[in-house]
Amino acid sequence: MNRRVLLLIISVLICISALPQKVLVEAEIDSADIYIGDQVKYTVRVTQPPEIYLDMPEYADTLYDKLEILSQAPVDTTFEDTGEMVLTKSYTITSFDTGYYQIPPYYLEYETGQGKKRFYSEYVPLRVKRVDITPPDSTDVIFDIIGPEKIGYSVGEILPWVLLAVILMIAARLIYKYLPGRKVKEEEEKPSIPAEPIHIITFRALDKLERKQLWQAGKVKEYYSELTEILRYYIEVRYSIPALEMTSEEILSGLGNKDVGPDNLSILRKLLQNADLSKFAKYKHDAVTNESAMQNARDFVKATYKQVEENNNCRDNKKTLKQGKEVDDNE
């Protein structure tokens with residue numbers, strides 16, 4: 001081997017040894033799927049031996065095609081524990097045109113004795129899509145980029161309306177309560193005082209009911225309904241309680257404070273209970289019970305009306321005695 005060939009082999013070995021043995025270029029993106037106008041970060045990471053110098057390409061306004069560069073950070077240099085140097089370069093990009101983009105590989109160049117050597121990253125895909133509310137063809141269509149957003153009402157907005165509603169309810173209640181025509185109407189609804197004594201009207205109604213012979217004809221429910229209605233009207237006029245609108249228990253409770261007497265109250269209780277059993281439970285009473293119901297009604301009216309006469313006589317006697325005493329004193 002001559003000297004010239006040996007020198008050539010040595011030169012080739014030196015050039016080969018001077019080449020970087022390990023250079024890794026990686027490119028990535030924060031999100032591969034964005035909407036029009038969204039911003040995304042494109043980052044390049046280069047791992048290389050520290051003794052070599054690699055030229056990094058410069059991008060000004062556009063990274064690729066319609067992908068615009070909004071900003072870019074300076075190269076950040078760090079070192080691994082193995083001694084390798086890591087270069088990091090990031091770009092903030094966006095696009096205002098929909099479509100699928102394949103960002104070309106990012107490359108760096110290394111100058112060798114035989115020329116330049118390049119190191120490439122992989123392709124990075126990116127899809128830019130339009131907002132869902134946008135029509136497919138927006139060239140001749142007016143549309144909203146963002147639809148109206150519904151927001152809830154605050155307490156400060158709701159409270160005045162609540163207060164207004166309460167005030168209106170109170171006002172309506174007061175107007176209804178103190179309406180001039182209301183008192184007249186209430187007085188009209190009260191049972192009018194009959195021209196004849198109430199016990200005479202009641203006895204006449206009981207006689208008329210007895211002549212109908214309803215329970216004898218199998219109309220027991222109708223019989224007790226009319227019988228209790230006659231008694232309720234008598235009690236309402238006699239004791240000034242709304243007996244026609246009250247239940248049996250309410251009537252008995254209301255008469256507890258009146259001068260009815262325990263015996264008379266017991267007669268009325270038994271009569272009303274038998275009537276309720278017939279009207280609501282469809283209970284079939286025997287003939288003795290049906291006959292005694294009419295008699296009990298007469299006894300109740302007779303006993304309670306006599307109390308009125310006795311009380312009136314007592315008041316008249318007291319009044320007469322008082323007047324006589326005054327006369328004697330004057331003489």
# chains A, B, ... in the order shown; residues from 1 in each chain; ligands from 1
>>> residues_around(residues="Asp207 in chain A", least_positions_apart="4", cutoff="12 Å", atoms="only C-alpha atoms", output="list in words")
Ile200, Ile201, Thr202, Phe203, Arg211, Lys212, Gln213, Glu226, Leu227, Ile230, Met294, Gln295, Ala297 and Arg298 of chain A
>>> residues_around(residues="range 50-56 of chain A", least_positions_apart="6", cutoff="8 Å", atoms="only C-alpha atoms", output="compact mmCIF listing (two decimals) with C-alpha atoms, in the first residue's frame")
# COMPACT_ATOMS: atom_id res chain seq x y z
CA PRO A 20 -22.01 13.11 15.21
CA GLY A 83 -23.55 14.74 28.89
CA GLU A 84 -25.73 15.22 25.82
CA MET A 85 -27.03 18.69 25.06
CA TYR A 107 -34.58 19.54 10.19
CA LEU A 108 -31.12 20.73 11.30
CA GLU A 109 -27.94 20.85 9.21
CA TYR A 110 -24.42 19.79 10.12
CA GLU A 111 -21.44 20.86 8.04
>>> residues_around(residues="Gln102 in chain A", least_positions_apart="4", cutoff="10 Å", atoms="only C-alpha atoms", output="ChimeraX atom specification")
/A:64-65,122-127
>>> write_last_selection(atoms="C-alpha atoms", output="compact mmCIF listing (two decimals), in the first residue's frame")
# COMPACT_ATOMS: atom_id res chain seq x y z
CA TYR A 64 -46.23 25.83 6.94
CA ASP A 65 -48.86 26.69 4.33
CA GLU A 122 -41.32 13.12 11.90
CA TYR A 123 -44.37 14.70 10.22
CA VAL A 124 -46.87 16.29 12.70
CA PRO A 125 -50.61 16.14 11.77
CA LEU A 126 -53.01 18.97 12.60
CA ARG A 127 -56.72 19.34 11.86
>>> atom_distance(atom1="CA of Pro262 in chain A", atom2="CA of Glu291 in chain A")
22.6 Å
>>> atom_distance(atom1="CA of Leu70 in chain A", atom2="CA of Asp33 in chain A")
17.9 Å
>>> atom_distance(atom1="CA of Ile29 in chain A", atom2="CA of Pro104 in chain A")
12.6 Å
>>> closest_residue(among="A:Glu58, A:Asp299, A:Glu157, A:Asp286", to="Ile267 in chain A", atoms="only C-alpha atoms")
A:Asp299
>>> residues_around(residues="Ile241 in chain A", least_positions_apart="2", cutoff="12 Å", atoms="only C-alpha atoms", output="count of residues only")
24
>>> closest_residue(among="A:Phe300, A:Phe119, A:Tyr91, A:Tyr35", to="Gln48 in chain A", atoms="only C-alpha atoms")
A:Phe119
>>> closest_residue(among="A:Lys282, A:Arg118, A:Lys22, A:Arg45", to="Ser90 in chain A", atoms="only C-alpha atoms")
A:Arg45
>>> residues_around(residues="range 275-277 of chain A", least_positions_apart="2", cutoff="10 Å", atoms="only C-alpha atoms", output="CSV table (one decimal) with N, CA and C atoms, in the first residue's frame")
chain,number,residue,atom,x,y,z
A,220,VAL,N,-134.5,4.8,53.1
A,220,VAL,CA,-134.0,5.1,54.5
A,220,VAL,C,-133.0,6.3,54.4
A,221,LYS,N,-132.2,6.3,53.4
A,221,LYS,CA,-131.2,7.3,53.3
A,221,LYS,C,-131.8,8.7,53.1
A,222,GLU,N,-132.9,8.8,52.2
A,222,GLU,CA,-133.6,10.0,52.0
A,222,GLU,C,-134.3,10.5,53.3
A,223,TYR,N,-134.8,9.5,54.1
A,223,TYR,CA,-135.5,9.8,55.3
A,223,TYR,C,-134.6,10.5,56.3
A,224,TYR,N,-133.4,9.9,56.5
A,224,TYR,CA,-132.4,10.5,57.5
A,224,TYR,C,-131.8,11.8,57.0
A,225,SER,N,-131.7,11.9,55.7
A,225,SER,CA,-131.1,13.2,55.1
A,225,SER,C,-132.1,14.3,55.4
A,226,GLU,N,-133.4,14.1,55.1
A,226,GLU,CA,-134.3,15.2,55.4
A,226,GLU,C,-134.5,15.5,56.9
A,227,LEU,N,-134.5,14.4,57.7
A,227,LEU,CA,-134.7,14.6,59.1
A,227,LEU,C,-133.5,15.4,59.7
A,228,THR,N,-132.3,15.1,59.3
A,228,THR,CA,-131.1,15.9,59.9
A,228,THR,C,-131.1,17.3,59.3
A,247,THR,N,-120.3,19.3,60.2
A,247,THR,CA,-120.4,17.9,60.3
A,247,THR,C,-121.1,17.6,61.6
A,248,SER,N,-121.5,16.3,61.8
A,248,SER,CA,-122.2,16.0,63.1
A,248,SER,C,-121.3,16.3,64.3
A,269,ARG,N,-126.9,13.3,69.8
A,269,ARG,CA,-125.7,12.6,69.4
A,269,ARG,C,-126.1,11.2,68.8
A,270,LYS,N,-127.0,10.5,69.5
A,270,LYS,CA,-127.5,9.2,69.0
A,270,LYS,C,-128.2,9.3,67.7
A,271,LEU,N,-129.0,10.4,67.6
A,271,LEU,CA,-129.8,10.6,66.3
A,271,LEU,C,-128.9,10.9,65.1
A,272,LEU,N,-127.9,11.7,65.3
A,272,LEU,CA,-126.9,12.1,64.3
A,272,LEU,C,-126.1,10.9,63.9
A,273,GLN,N,-125.7,10.1,64.9
A,273,GLN,CA,-124.8,8.9,64.5
A,273,GLN,C,-125.6,7.9,63.7
A,279,LYS,N,-126.6,7.3,55.9
A,279,LYS,CA,-126.3,8.2,54.8
A,279,LYS,C,-124.9,7.8,54.2
A,280,PHE,N,-123.9,7.5,55.0
A,280,PHE,CA,-122.6,7.3,54.5
A,280,PHE,C,-122.1,5.8,54.5
A,281,ALA,N,-122.6,5.0,55.4
A,281,ALA,CA,-122.3,3.6,55.5
A,281,ALA,C,-123.3,2.7,54.9
A,282,LYS,N,-124.5,3.3,54.5
A,282,LYS,CA,-125.6,2.5,53.9
A,282,LYS,C,-126.1,1.5,54.9
A,283,TYR,N,-126.1,1.8,56.2
A,283,TYR,CA,-126.6,0.9,57.2
A,283,TYR,C,-128.1,0.9,57.2
A,284,LYS,N,-128.7,-0.3,57.3
A,284,LYS,CA,-130.1,-0.5,57.3
A,284,LYS,C,-130.6,-0.7,58.8
A,285,HIS,N,-131.2,0.4,59.3
A,285,HIS,CA,-131.8,0.3,60.7
A,285,HIS,C,-133.1,-0.5,60.7
A,290,ASN,N,-135.9,3.6,63.3
A,290,ASN,CA,-136.4,4.6,62.4
A,290,ASN,C,-137.5,5.4,63.0
A,293,ALA,N,-136.2,7.7,65.8
A,293,ALA,CA,-135.5,8.8,65.3
A,293,ALA,C,-136.4,10.0,65.2
>>> residues_around(residues="Lys66 in chain A", least_positions_apart="3", cutoff="9 Å", atoms="only C-alpha atoms", output="ChimeraX atom specification")
/A:62-63,94-97,101
>>> write_last_selection(atoms="N, CA and C atoms", output="mmCIF file, in the first residue's frame")
data_model
loop_
_atom_site.group_PDB
_atom_site.id
_atom_site.type_symbol
_atom_site.label_atom_id
_atom_site.label_comp_id
_atom_site.auth_asym_id
_atom_site.auth_seq_id
_atom_site.Cartn_x
_atom_site.Cartn_y
_atom_site.Cartn_z
ATOM 1 N N THR A 62 -44.846 32.313 9.019
ATOM 2 C CA THR A 62 -45.595 31.107 8.671
ATOM 3 C C THR A 62 -44.739 29.884 8.942
ATOM 4 N N LEU A 63 -45.351 28.906 9.620
ATOM 5 C CA LEU A 63 -44.647 27.652 9.868
ATOM 6 C C LEU A 63 -44.780 26.742 8.653
ATOM 7 N N THR A 94 -51.449 29.266 14.861
ATOM 8 C CA THR A 94 -52.897 29.231 14.686
ATOM 9 C C THR A 94 -53.200 29.152 13.207
ATOM 10 N N SER A 95 -54.508 28.997 12.882
ATOM 11 C CA SER A 95 -54.924 28.967 11.484
ATOM 12 C C SER A 95 -56.366 29.435 11.401
ATOM 13 N N PHE A 96 -56.677 30.161 10.322
ATOM 14 C CA PHE A 96 -58.023 30.655 10.096
ATOM 15 C C PHE A 96 -58.658 30.001 8.872
ATOM 16 N N ASP A 97 -58.095 28.874 8.473
ATOM 17 C CA ASP A 97 -58.628 28.087 7.364
ATOM 18 C C ASP A 97 -58.741 26.642 7.811
ATOM 19 N N TYR A 101 -53.669 19.330 7.950
ATOM 20 C CA TYR A 101 -52.305 19.763 7.632
ATOM 21 C C TYR A 101 -51.320 18.713 8.140
#
>>> select_by_dssp(residues="range 177-296 of chain A", states="alpha helix (DSSP H)", output="ChimeraX atom specification")
/A:177,180-189,198-212,220-239,248-254,262-280,287-296
